[in-house]
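Novice: Next up is a structure, given as structure tokens.
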Amino acid sequence: MSRPFEDRVALVAGATRGAGRGIAVELGAAGATVYVTGRSTRARRSEYDRPETVEDTADLVTEAGGHGIAVPTDHLDPAQVRTLVDRVAAEQGRLDVLVNDIWGGETLFEWDSTVWEHDLDKGLRLLRLAVETHAITSHHALPLLLRRPGGLVVEMTDGTAEYNRETYRVSFFYDLAKASVLRMAFALGHELGPRGATAVALTPGWLRSEMMLDTFGVREDNWRDALGHVPHFAISETPRYVGRAVAALAADPDRARWNGASLSSGSLAREYGFTDLDGSRPDAWRYMVEVQDKGRPADVTGYR
């Protein structure tokens, strides 16, 4: 297996589960040293109260061929983030890839709830977790990333700029959070581009995360059993697919052409030729527009 990142260092902020874990593992498979952060540890769970831990993710990175380093971190605490970045600087002297995947909002948003009906404390907490954490992390990590030319920053969100511009996403607070992250990548592109680095926004499609599989009562090995209840789930993808998208971006010597852009795992699969673990190439956002949102029957022909 090619290991183009053996001398590279990545920080995946928010890597306990889901897309963050998939990204960390794929960077590890390419040989990178990957610092993975999150609040769920083997000693203490976050308010999610789920079994996945940041230490487990680090082990998966190492098993994939990289060097996984778990650093439990609350990215709402600037002091903890500063300590994290200081550790990376002291141990590695460089940072090549920063992935801002901090989220933590699954239990906080309310579907189709107006801003005046939505629980205010939960809505504001969601915004802090989804937006403030990214700003804090970038503030502390980017000076280290800029020590060497060619750095990559990936702002993880849900939905492309085009899709979210035309589509109301779940509720006021959720919509605002995801739009804010898209704009962060655009702004970072303006700030990083002249300094030799690249920033992008990246969205997976319908992600078969641990939480999503549990919601549908299936596992990765039998996920298609959920299609009888949720037919459009046929377009879904594993977290490793978006991980391969990040790895492809990081390996592209011409990645600066994407600076400030909004990208998806499906669009990058077409560009770089990688596949999901089953050999398919799901193009979820095109499917959403052309099939699901138009009320057509589920049919992934031509979309994966």
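Residue names in the structure tokens use chain letters A, B, ... in the order shown, residue numbers from 1 in each chain, and ligand numbers from 1 in the order shown.
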Leaving out range 279-288 of chain A and any residue of its chain fewer than 2 positions from it, which residues lie within 7 Å of it when counting only C-alpha atoms, given as number ranges by chain?
Specialist: A: 205-206, 235, 237, 266-267, 269, 275-277, 290-293, 303-304
Novice: So, with only C-alpha atoms as the atoms that count, which of A:Val181, A:Ala201, A:Leu263, A:Leu27 lies closest to Ala64 in chain A?
Specialist: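 When distances to Ala64 in chain A are compared using only C-alpha atoms, the smallest one comes from A:Leu27.
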Novice: Could you give me, as a short mmCIF file (atom, residue, chain, number, x, y, z; two decimals) with N, CA, C and O atoms, in the first residue's frame, each residue of range 107-290 of chain A that DSSP assigns to strand (DSSP E) when run on this structure's backbone?
Specialist:
```cif
data_model
loop_
_atom_site.label_atom_id
_atom_site.label_comp_id
_atom_site.auth_asym_id
_atom_site.auth_seq_id
_atom_site.Cartn_x
_atom_site.Cartn_y
_atom_site.Cartn_z
N LEU A 152 -3.07 22.05 4.66
CA LEU A 152 -4.47 21.87 4.27
C LEU A 152 -5.37 21.95 5.49
O LEU A 152 -5.11 21.29 6.50
N VAL A 153 -6.43 22.75 5.39
CA VAL A 153 -7.46 22.84 6.44
C VAL A 153 -8.77 22.37 5.84
O VAL A 153 -9.18 22.85 4.77
N VAL A 154 -9.42 21.44 6.51
CA VAL A 154 -10.71 20.91 6.05
C VAL A 154 -11.76 21.22 7.10
O VAL A 154 -11.68 20.75 8.24
N GLU A 155 -12.74 22.02 6.70
CA GLU A 155 -13.86 22.34 7.57
C GLU A 155 -15.01 21.39 7.21
O GLU A 155 -15.57 21.45 6.13
N MET A 156 -15.35 20.51 8.15
CA MET A 156 -16.39 19.51 7.90
C MET A 156 -17.77 20.08 8.22
O MET A 156 -17.98 20.68 9.28
N THR A 198 -4.15 25.91 2.02
CA THR A 198 -5.44 25.72 1.36
C THR A 198 -6.50 25.39 2.39
O THR A 198 -6.27 24.57 3.29
N ALA A 199 -7.68 25.99 2.26
CA ALA A 199 -8.81 25.68 3.12
C ALA A 199 -10.01 25.29 2.26
O ALA A 199 -10.29 25.95 1.25
N VAL A 200 -10.72 24.24 2.66
CA VAL A 200 -11.93 23.83 1.95
C VAL A 200 -13.01 23.45 2.95
O VAL A 200 -12.71 23.11 4.10
N ALA A 201 -14.24 23.51 2.50
CA ALA A 201 -15.36 22.91 3.23
C ALA A 201 -15.65 21.57 2.58
O ALA A 201 -15.62 21.45 1.35
N LEU A 202 -15.93 20.56 3.39
CA LEU A 202 -16.18 19.23 2.87
C LEU A 202 -17.37 18.60 3.58
O LEU A 202 -17.48 18.66 4.81
N THR A 203 -18.26 18.00 2.80
CA THR A 203 -19.40 17.30 3.37
C THR A 203 -19.42 15.85 2.90
O THR A 203 -19.18 15.57 1.72
N SER A 262 -16.42 24.66 -1.67
CA SER A 262 -17.30 23.72 -0.99
C SER A 262 -17.30 22.43 -1.79
O SER A 262 -17.66 22.42 -2.97
N LEU A 263 -16.91 21.32 -1.15
CA LEU A 263 -16.72 20.04 -1.82
C LEU A 263 -17.53 18.94 -1.13
O LEU A 263 -17.95 19.11 0.01
N SER A 264 -17.71 17.85 -1.83
CA SER A 264 -18.40 16.68 -1.24
C SER A 264 -17.59 15.43 -1.51
O SER A 264 -16.77 15.39 -2.45
#
```
Novice: Restricting the calculation to only C-alpha atoms: of A:Gly28, A:Pro231, A:Gly20, A:Gly302, which residue gets closest to Pro4 in chain A?
Specialist: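 Going through A:Gly28, A:Pro231, A:Gly20, A:Gly302 one by one, the smallest distance to Pro4 in chain A is for A:Gly28.
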